[in-house]
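> Got a structure for you, model.csv, holding CSV, C-alpha atoms.
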chain,number,residue,atom,x,y,z
A,38,MET,CA,-5.0,-18.5,-10.1
A,39,PHE,CA,-3.2,-15.3,-11.3
A,40,SER,CA,-2.0,-14.3,-14.7
A,41,GLY,CA,-0.5,-11.5,-16.8
A,42,SER,CA,1.7,-8.6,-15.8
A,43,MET,CA,2.1,-8.5,-12.0
A,44,VAL,CA,4.1,-5.5,-11.0
A,45,ALA,CA,6.8,-5.9,-8.3
A,46,LEU,CA,5.9,-2.6,-6.8
A,47,VAL,CA,8.4,-0.1,-5.5
A,48,THR,CA,7.8,1.4,-2.1
A,49,PRO,CA,7.9,5.2,-2.5
A,50,MET,CA,9.9,7.0,0.2
A,51,HIS,CA,10.5,10.6,1.3
A,52,ALA,CA,14.0,12.0,1.5
A,53,ASP,CA,14.3,10.8,5.1
A,54,ALA,CA,13.4,7.2,3.9
A,55,SER,CA,10.0,7.1,5.5
A,56,VAL,CA,7.2,5.6,3.4
A,57,ASP,CA,5.4,8.1,1.2
A,58,GLU,CA,1.8,7.0,1.5
A,59,LEU,CA,0.4,9.6,-0.9
A,60,SER,CA,2.8,8.6,-3.6
A,61,LEU,CA,2.0,4.9,-3.0
A,62,ALA,CA,-1.7,5.6,-3.5
A,63,LYS,CA,-0.8,7.5,-6.7
A,64,LEU,CA,1.2,4.6,-8.0
A,65,LEU,CA,-1.6,2.1,-7.3
A,66,GLU,CA,-4.1,4.2,-9.3
A,67,PHE,CA,-1.5,4.4,-12.1
A,68,HIS,CA,-1.3,0.6,-12.3
A,69,VAL,CA,-5.1,0.0,-12.1
A,70,GLU,CA,-5.7,2.6,-14.9
A,71,ASN,CA,-3.0,1.1,-17.1
A,72,GLY,CA,-4.0,-2.5,-17.0
A,73,THR,CA,-1.6,-4.1,-14.5
A,74,ASP,CA,-3.0,-7.5,-13.7
A,75,ALA,CA,-1.9,-7.8,-10.1
A,76,ILE,CA,0.1,-5.8,-7.5
A,77,VAL,CA,3.0,-7.5,-5.7
A,78,VAL,CA,3.7,-5.5,-2.6
A,79,MET,CA,6.7,-5.9,-0.2
A,80,GLY,CA,8.8,-8.0,-2.5
A,81,THR,CA,12.5,-7.4,-3.3
A,82,THR,CA,11.7,-4.3,-5.4
A,83,GLY,CA,9.6,-3.0,-2.5
A,84,GLU,CA,12.6,-3.0,-0.2
A,85,SER,CA,11.0,-5.4,2.1
A,86,ALA,CA,14.4,-6.3,3.6
A,87,THR,CA,14.7,-2.9,5.3
A,88,LEU,CA,11.1,-2.3,6.4
A,89,ASN,CA,10.4,-3.5,9.9
A,90,GLU,CA,7.5,-5.8,10.6
A,91,LYS,CA,5.1,-3.0,11.6
A,92,GLU,CA,5.9,-1.0,8.4
A,93,HIS,CA,5.7,-4.2,6.3
A,94,CYS,CA,2.2,-5.1,7.6
A,95,HIS,CA,0.9,-1.5,7.5
A,96,THR,CA,2.0,-1.2,3.8
A,97,ILE,CA,0.3,-4.4,2.8
A,98,LYS,CA,-2.9,-3.3,4.5
A,99,GLN,CA,-2.7,0.1,2.9
A,100,VAL,CA,-2.3,-1.4,-0.6
A,101,VAL,CA,-5.2,-3.9,-0.1
A,102,ASP,CA,-7.4,-1.0,1.1
A,103,ILE,CA,-6.6,1.3,-1.8
A,104,VAL,CA,-6.8,-1.4,-4.5
A,105,ASN,CA,-10.2,-2.4,-3.0
A,106,ASN,CA,-10.6,-5.7,-4.9
A,107,ARG,CA,-10.1,-4.1,-8.3
A,108,ILE,CA,-7.1,-6.3,-9.1
A,109,PRO,CA,-5.4,-9.0,-6.9
A,110,VAL,CA,-2.8,-8.1,-4.3
A,111,ILE,CA,0.0,-10.5,-3.6
A,112,ALA,CA,2.0,-9.7,-0.5
A,113,GLY,CA,5.7,-10.6,-0.1
A,114,THR,CA,6.0,-12.3,3.2
A,115,GLY,CA,9.2,-14.3,2.9
A,116,ALA,CA,12.0,-14.3,5.5
A,117,ASN,CA,15.1,-16.3,6.4
A,118,SER,CA,13.4,-17.2,9.7
A,119,THR,CA,10.4,-19.6,9.3
A,120,THR,CA,8.8,-18.1,12.4
A,121,GLU,CA,9.0,-14.6,10.9
A,122,ALA,CA,7.7,-15.8,7.5
A,123,ILE,CA,4.7,-17.3,9.3
A,124,GLU,CA,4.0,-14.1,11.2
A,125,LEU,CA,4.2,-11.9,8.0
A,126,THR,CA,2.0,-14.4,6.1
A,127,GLN,CA,-0.6,-14.3,8.9
A,128,CYS,CA,-0.4,-10.5,8.8
A,129,ALA,CA,-1.0,-10.5,5.0
A,130,MET,CA,-3.9,-12.9,5.3
A,131,SER,CA,-5.5,-10.7,8.0
A,132,ALA,CA,-5.0,-7.6,5.8
A,133,GLY,CA,-7.0,-9.2,3.0
A,134,ALA,CA,-4.2,-10.0,0.6
A,135,ASP,CA,-5.2,-12.5,-2.2
A,136,ALA,CA,-2.0,-14.5,-1.9
A,137,CYS,CA,1.6,-14.3,-0.5
A,138,LEU,CA,4.9,-14.5,-2.2
A,139,LEU,CA,7.6,-16.2,-0.2
A,140,VAL,CA,11.3,-16.0,-1.2
A,141,THR,CA,13.7,-18.7,-0.4
A,142,PRO,CA,15.4,-18.1,3.0
A,143,TYR,CA,18.5,-15.9,2.3
A,144,TYR,CA,21.9,-15.9,3.9
A,145,ASN,CA,21.6,-19.0,6.1
A,146,LYS,CA,21.6,-21.2,3.0
A,147,PRO,CA,19.3,-24.1,3.9
A,148,THR,CA,19.5,-27.5,2.3
A,149,GLN,CA,16.9,-28.7,-0.1
A,150,GLU,CA,15.2,-30.6,2.7
A,151,GLY,CA,15.4,-27.4,4.8
A,152,LEU,CA,13.7,-25.5,2.0
A,153,TYR,CA,10.9,-28.1,1.8
A,154,GLN,CA,10.3,-28.1,5.5
A,155,HIS,CA,10.3,-24.2,5.6
A,156,PHE,CA,7.7,-23.8,2.9
A,157,LYS,CA,5.7,-26.7,4.1
A,158,LYS,CA,5.5,-25.3,7.6
A,159,VAL,CA,4.4,-21.9,6.4
A,160,ALA,CA,1.7,-23.4,4.1
A,161,GLU,CA,0.3,-25.7,6.7
A,162,THR,CA,0.2,-22.9,9.3
A,163,VAL,CA,-1.4,-20.1,7.2
A,164,ALA,CA,-4.3,-21.0,4.9
A,165,ILE,CA,-3.7,-18.4,2.2
A,166,PRO,CA,-2.6,-19.2,-1.4
A,167,GLN,CA,1.2,-19.1,-1.5
A,168,ILE,CA,3.7,-18.5,-4.4
A,169,LEU,CA,7.2,-19.7,-4.0
A,170,TYR,CA,10.0,-17.4,-5.1
A,171,ASN,CA,13.4,-18.7,-6.3
A,172,VAL,CA,16.0,-16.0,-6.9
A,173,PRO,CA,19.4,-17.5,-6.2
A,174,GLY,CA,21.3,-14.5,-7.5
A,175,ARG,CA,20.1,-12.6,-4.4
A,176,THR,CA,19.6,-15.3,-1.8
A,177,ALA,CA,22.6,-17.6,-2.3
A,178,VAL,CA,20.3,-20.6,-2.3
A,179,ASP,CA,18.7,-22.3,-5.3
A,180,MET,CA,15.5,-24.3,-4.9
A,181,LEU,CA,15.9,-27.2,-7.3
A,182,PRO,CA,13.0,-28.5,-9.4
A,183,GLU,CA,12.7,-31.7,-7.4
A,184,THR,CA,12.0,-29.7,-4.3
A,185,VAL,CA,9.4,-27.6,-6.2
A,186,VAL,CA,7.7,-30.8,-7.3
A,187,ARG,CA,7.5,-32.0,-3.7
A,188,LEU,CA,6.0,-28.7,-2.6
A,189,ALA,CA,3.5,-28.6,-5.5
A,190,GLY,CA,1.6,-31.4,-3.7
A,191,ILE,CA,0.6,-29.0,-0.9
A,192,SER,CA,-2.8,-27.6,-1.7
A,193,ASN,CA,-2.3,-23.9,-1.0
A,194,ILE,CA,1.1,-23.7,-2.7
A,195,VAL,CA,-0.2,-22.5,-6.0
A,196,GLY,CA,2.8,-21.1,-7.9
A,197,ILE,CA,6.4,-20.3,-8.2
A,198,LYS,CA,8.2,-17.1,-9.3
A,199,GLU,CA,11.2,-18.5,-11.1
A,200,ALA,CA,13.8,-15.7,-11.3
A,201,THR,CA,16.9,-17.6,-12.5
A,202,GLY,CA,16.5,-16.3,-16.0
A,203,ASP,CA,17.0,-19.9,-17.2
A,204,LEU,CA,14.2,-20.8,-19.5
A,205,SER,CA,14.9,-24.5,-19.3
A,206,ARG,CA,14.4,-24.4,-15.5
A,207,GLY,CA,10.9,-22.9,-15.8
A,208,GLN,CA,10.0,-25.3,-18.6
A,209,GLN,CA,11.2,-28.3,-16.5
A,210,ILE,CA,9.0,-27.2,-13.6
A,211,MET,CA,6.0,-26.8,-15.8
A,212,ALA,CA,6.6,-30.2,-17.3
A,213,GLU,CA,7.0,-31.9,-14.0
A,214,CYS,CA,4.3,-30.1,-12.0
A,215,GLY,CA,1.6,-29.8,-14.7
A,216,ASP,CA,-1.5,-28.2,-13.4
A,217,LYS,CA,-0.5,-28.5,-9.8
A,218,LEU,CA,1.6,-25.3,-9.9
A,219,ASP,CA,1.5,-22.1,-11.9
A,220,VAL,CA,4.9,-20.8,-13.1
A,221,TYR,CA,5.6,-17.1,-13.2
A,222,SER,CA,8.7,-15.4,-14.7
A,223,GLY,CA,10.7,-13.3,-12.3
A,224,ASP,CA,13.1,-12.1,-15.1
A,225,ASP,CA,11.7,-9.5,-17.5
A,226,ALA,CA,14.3,-10.2,-20.2
A,227,THR,CA,13.1,-13.8,-20.6
A,228,ALA,CA,9.5,-13.4,-19.5
A,229,MET,CA,8.0,-13.4,-23.0
A,230,GLU,CA,9.6,-16.7,-24.0
A,231,LEU,CA,8.6,-18.3,-20.7
A,232,ILE,CA,5.0,-17.2,-21.1
A,233,LEU,CA,4.9,-18.5,-24.6
A,234,SER,CA,6.2,-21.8,-23.2
A,235,GLY,CA,3.3,-22.0,-20.8
A,236,ALA,CA,4.0,-19.7,-17.9
A,237,LYS,CA,1.1,-17.8,-16.5
A,238,GLY,CA,2.7,-14.3,-16.3
A,239,ASP,CA,5.5,-12.1,-15.2
A,240,ILE,CA,6.2,-10.6,-11.8
A,241,SER,CA,7.8,-7.6,-13.3
A,242,VAL,CA,10.2,-4.7,-12.4
A,243,THR,CA,9.7,-3.1,-15.8
A,244,ALA,CA,6.0,-2.9,-15.2
A,245,ASN,CA,6.7,-0.2,-12.6
A,246,ILE,CA,7.3,2.3,-15.3
A,247,ALA,CA,5.7,0.7,-18.4
A,248,PRO,CA,2.5,-1.0,-17.0
A,249,LYS,CA,0.4,-0.7,-20.1
A,250,ALA,CA,3.1,-2.1,-22.4
A,251,MET,CA,3.9,-5.0,-20.0
A,252,HIS,CA,0.2,-5.8,-19.7
A,253,GLU,CA,-0.2,-5.9,-23.5
A,254,MET,CA,3.0,-7.9,-24.0
A,255,CYS,CA,1.9,-10.5,-21.4
A,256,ALA,CA,-1.6,-10.7,-22.8
A,257,ALA,CA,-0.3,-11.3,-26.3
A,258,ALA,CA,2.1,-14.0,-25.1
A,259,LEU,CA,-0.6,-15.7,-23.1
A,260,ALA,CA,-2.8,-15.7,-26.2
A,261,GLY,CA,0.1,-17.4,-28.1
A,262,ASP,CA,0.5,-14.3,-30.4
A,263,ARG,CA,4.3,-14.3,-30.7
A,264,GLU,CA,4.4,-11.5,-33.3
A,265,THR,CA,2.5,-9.0,-31.3
A,266,ALA,CA,4.3,-9.9,-28.1
A,267,THR,CA,7.7,-9.6,-29.8
A,268,ALA,CA,6.9,-6.2,-31.3
A,269,ILE,CA,6.0,-4.8,-27.8
A,270,ASN,CA,8.8,-6.5,-26.0
A,271,GLU,CA,11.4,-5.1,-28.4
A,272,ARG,CA,10.6,-1.6,-27.2
A,273,LEU,CA,11.1,-2.7,-23.7
A,274,LEU,CA,14.4,-4.6,-24.0
A,275,ALA,CA,16.5,-1.7,-22.9
A,276,LEU,CA,14.4,-1.2,-19.8
A,277,HIS,CA,14.6,-5.0,-19.0
A,278,ASP,CA,18.4,-4.6,-19.1
A,279,LYS,CA,19.2,-1.1,-17.9
A,280,LEU,CA,16.9,-1.3,-14.8
A,281,PHE,CA,19.6,-3.5,-13.4
A,282,VAL,CA,22.7,-1.3,-14.0
A,283,GLU,CA,22.8,-1.1,-10.2
A,284,SER,CA,21.0,-3.3,-7.6
A,285,ASN,CA,17.2,-3.4,-8.0
A,286,PRO,CA,15.3,-1.2,-7.0
A,287,ILE,CA,17.9,1.6,-7.3
A,288,PRO,CA,17.4,2.2,-11.1
A,289,VAL,CA,13.6,1.7,-11.2
A,290,LYS,CA,13.1,4.1,-8.3
A,291,TRP,CA,15.2,6.7,-10.0
A,292,ALA,CA,13.3,6.2,-13.2
A,293,LEU,CA,10.0,6.8,-11.4
A,294,TYR,CA,11.5,9.9,-9.8
A,295,GLU,CA,12.6,11.1,-13.2
A,296,MET,CA,9.1,10.5,-14.5
A,297,GLY,CA,7.7,12.6,-11.6
A,298,MET,CA,5.9,9.7,-10.0
A,299,ILE,CA,7.7,9.4,-6.7
A,300,PRO,CA,10.3,11.3,-4.6
A,301,GLU,CA,13.9,10.3,-4.8
A,302,GLY,CA,14.0,8.5,-1.4
A,303,ILE,CA,15.5,5.1,-0.9
A,304,ARG,CA,16.5,3.3,2.3
A,305,LEU,CA,20.1,2.5,3.3
A,306,PRO,CA,22.1,0.4,2.6
A,307,LEU,CA,20.7,1.2,-0.9
A,308,THR,CA,21.6,4.7,-2.2
A,309,THR,CA,20.3,6.7,-5.1
A,310,LEU,CA,21.4,5.9,-8.7
A,311,ASN,CA,24.9,7.0,-9.6
A,312,ASP,CA,25.0,10.0,-11.9
A,313,GLN,CA,26.9,8.1,-14.6
A,314,TYR,CA,23.7,6.0,-15.2
A,315,HIS,CA,21.2,8.8,-15.4
A,316,ASP,CA,21.4,9.2,-19.2
A,317,VAL,CA,21.4,5.4,-19.6
A,318,ILE,CA,18.0,5.2,-17.9
A,319,ARG,CA,16.7,8.2,-19.7
A,320,ASP,CA,17.6,6.6,-23.0
A,321,ALA,CA,15.9,3.3,-22.0
A,322,ILE,CA,12.7,5.2,-21.1
A,323,LYS,CA,12.8,6.9,-24.5
A,324,GLN,CA,13.3,3.6,-26.4
A,325,ALA,CA,10.2,2.3,-24.6
A,326,SER,CA,8.3,5.3,-26.0
A,327,LEU,CA,7.5,6.6,-22.5
A,328,SER,CA,7.4,10.2,-21.5
For the file at hand, write its structure as structure tokens.


Amino acid sequence: MFSGSMVALVTPMHADASVDELSLAKLLEFHVENGTDAIVVMGTTGESATLNEKEHCHTIKQVVDIVNNRIPVIAGTGANSTTEAIELTQCAMSAGADACLLVTPYYNKPTQEGLYQHFKKVAETVAIPQILYNVPGRTAVDMLPETVVRLAGISNIVGIKEATGDLSRGQQIMAECGDKLDVYSGDDATAMELILSGAKGDISVTANIAPKAMHEMCAAALAGDRETATAINERLLALHDKLFVESNPIPVKWALYEMGMIPEGIRLPLTTLNDQYHDVIRDAIKQASLS
């Protein structure tokens, strides 16, 4: 249903941590102009955990309106409360999003059966295409392949963002689900290899600052052109790594600030990038041949 480089979009903020709507519009045009294949708004990188429901829904609507059907918009609507996840997913569908991305419930650590029932309930309640999102490094819960296979039988669960960084995990899901479920990488460092193995694309942090290169790398990998994909990806390896020197999205927001794209604002409990990492990020930007 979706493919290519799908940016896990940051949410620009003023110094007082309020959402900067003008910078958001500027970022969206930047992505449309540079070939980003889809916008993923209000995901982890978008600081969804610290925006209230009104801000969350307003931002989704704003992105949908600005993008205006030029590329797909996928809205992050996951929560550790099934009721809240349903409400956010309904909000995204009403706003006109093309699909929703739902992270595994964090902190309360449900069982595999609990995960199945959670996602099943959201999918059966809200008739919008839904992409599962497994990122155990942040949520403290790992959705196992057998649970994914069960969920793949639900018609409007169309994909999974697999962010373990374990290539064998993504490959196993592809083998067991076949054409019932699209697999997307959620780990820039291993995305190229996963796409070459059959994944449909990458939901990318790096794409925030290198949208054209990420689009071209994903396109080459989707075409099975390992040589071209590798040549592009090698320029981006430092970004894939160094954009995680502190918790995402701290480094990528600072990188965009350094590039003059957004203000330096970020919402507590996250803080701006420690000074010791400024040159690290600058060097990664240079290695990617970005100004």

> One decimal, in Å: what's the spacing between CA of Gly80 (chain A) and CA of Tyr143 (chain A)?

13.4 Å

> Which polymer residues have any atom within 7 Å of an atom of region 294-309 of chain A, counting only C-alpha atoms, with same-chain residues fewer than 4 positions away left out, as a PyMOL selection string?

chain A and resi 49-54+60+287+290

> Hey, which of A:Met229, A:Ile191, A:Asp216, A:Val178 ends up closest to Gln154 (chain A)? Count all atoms listed in the file.

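Comparing A:Met229, A:Ile191, A:Asp216, A:Val178 against Gln154 (chain A), the winner is A:Ile191.
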
> Nearest to Gly196 (chain A) among A:Lys157, A:Val220, A:Ala112, A:Asp179, with distances taken over all atoms listed in the file: which residue is it?

A:Val220

> What lies within 9 Å of region 311-317 of chain A using all atoms listed in the file, ignoring chain neighbours under 3 positions off, as a ChimeraX atom specification?

/A:279,282-283,288,291-292,308,320-322

> Expressed in Å to a single decimal, how great is the separation between CA of Met130 (chain A) and CA of Val163 (chain A)?

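Between CA of Met130 (chain A) and CA of Val163 (chain A) the gap is 7.9 Å.
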
> Rank A:Asp57, A:Val44, A:Asp262, A:Asn171 by their smallest atom-to-atom distance to Val110 (chain A), using only C-alpha atoms, and report the top residue only.

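Residue with the minimum atom-to-atom distance to Val110 (chain A): A:Val44.
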
> Given the choices A:Pro182, A:Gln167, A:Ala228, A:Arg187, which gets closest to Ile210 (chain A) if the distance is worked out from all atoms listed in the file?

A:Pro182

> Give me, please, the distance in Å between CA of Ala134 (chain A) and CA of Asp203 (chain A), quoted to one decimal.

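Taking CA of Ala134 (chain A) as the start and CA of Asp203 (chain A) as the end point, the length is 29.4 Å.
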
> Within 9 Å of Ala160 (chain A), counting only C-alpha atoms, which residues show up once you throw out same-chain ones fewer than 5 positions away? Write them as number ranges by chain, please.

A: 123, 155, 165-167, 191-194

> Around the point (13.6, 0.6, -11.7), in the coordinates given by the file, pick out the residues reaching within 9 Å, counting all atoms listed in the file, and return them as number ranges by chain.

A: 47, 82, 242-243, 245-246, 276, 279-281, 285-293, 318

> Those selected residues, please, written with C-alpha atoms and delivered as an mmCIF file, in the coordinates of the input.


data_model
loop_
_atom_site.group_PDB
_atom_site.id
_atom_site.type_symbol
_atom_site.label_atom_id
_atom_site.label_comp_id
_atom_site.auth_asym_id
_atom_site.auth_seq_id
_atom_site.Cartn_x
_atom_site.Cartn_y
_atom_site.Cartn_z
ATOM 1 C CA VAL A 47 8.400 -0.100 -5.500
ATOM 2 C CA THR A 82 11.700 -4.300 -5.400
ATOM 3 C CA VAL A 242 10.200 -4.700 -12.400
ATOM 4 C CA THR A 243 9.700 -3.100 -15.800
ATOM 5 C CA ASN A 245 6.700 -0.200 -12.600
ATOM 6 C CA ILE A 246 7.300 2.300 -15.300
ATOM 7 C CA LEU A 276 14.400 -1.200 -19.800
ATOM 8 C CA LYS A 279 19.200 -1.100 -17.900
ATOM 9 C CA LEU A 280 16.900 -1.300 -14.800
ATOM 10 C CA PHE A 281 19.600 -3.500 -13.400
ATOM 11 C CA ASN A 285 17.200 -3.400 -8.000
ATOM 12 C CA PRO A 286 15.300 -1.200 -7.000
ATOM 13 C CA ILE A 287 17.900 1.600 -7.300
ATOM 14 C CA PRO A 288 17.400 2.200 -11.100
ATOM 15 C CA VAL A 289 13.600 1.700 -11.200
ATOM 16 C CA LYS A 290 13.100 4.100 -8.300
ATOM 17 C CA TRP A 291 15.200 6.700 -10.000
ATOM 18 C CA ALA A 292 13.300 6.200 -13.200
ATOM 19 C CA LEU A 293 10.000 6.800 -11.400
ATOM 20 C CA ILE A 318 18.000 5.200 -17.900
#

> When distances are computed from all atoms listed in the file, which of A:Cys128, A:Ala268, A:Ala275, A:Leu152 shows the smallest separation from Met254 (chain A)?

A:Ala268

> Can you tell me which residues surround Thr48 (chain A) at a distance of at most 8 Å, considering all atoms listed in the file, apart from same-chain residues fewer than 6 positions away, and format the answer as a PyMOL selection string?

chain A and resi 56-57+61+79+82-84

> The selected residues should be written to file as a CSV table (one decimal), in the coordinates of the input (atoms: C-alpha atoms).


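As written to disk, result.csv reads:
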chain,number,residue,atom,x,y,z
A,56,VAL,CA,7.2,5.6,3.4
A,57,ASP,CA,5.4,8.1,1.2
A,61,LEU,CA,2.0,4.9,-3.0
A,79,MET,CA,6.7,-5.9,-0.2
A,82,THR,CA,11.7,-4.3,-5.4
A,83,GLY,CA,9.6,-3.0,-2.5
A,84,GLU,CA,12.6,-3.0,-0.2

> Tell me which protein, DNA and RNA residues are within 12 Å of Leu181 (chain A), counting all atoms listed in the file, leaving out same-chain ones fewer than 4 positions away, and put them as a PyMOL selection string.

chain A and resi 141+148-150+152-153+169-173+185-188+197+199+201+206-207+209-210

> Of the candidates A:Cys255, A:Cys94, A:Ala247, A:Met211, which one gets nearest to Gln324 (chain A) if we count all atoms listed in the file?

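With all atoms listed in the file as the atom set, the closest residue is A:Ala247.
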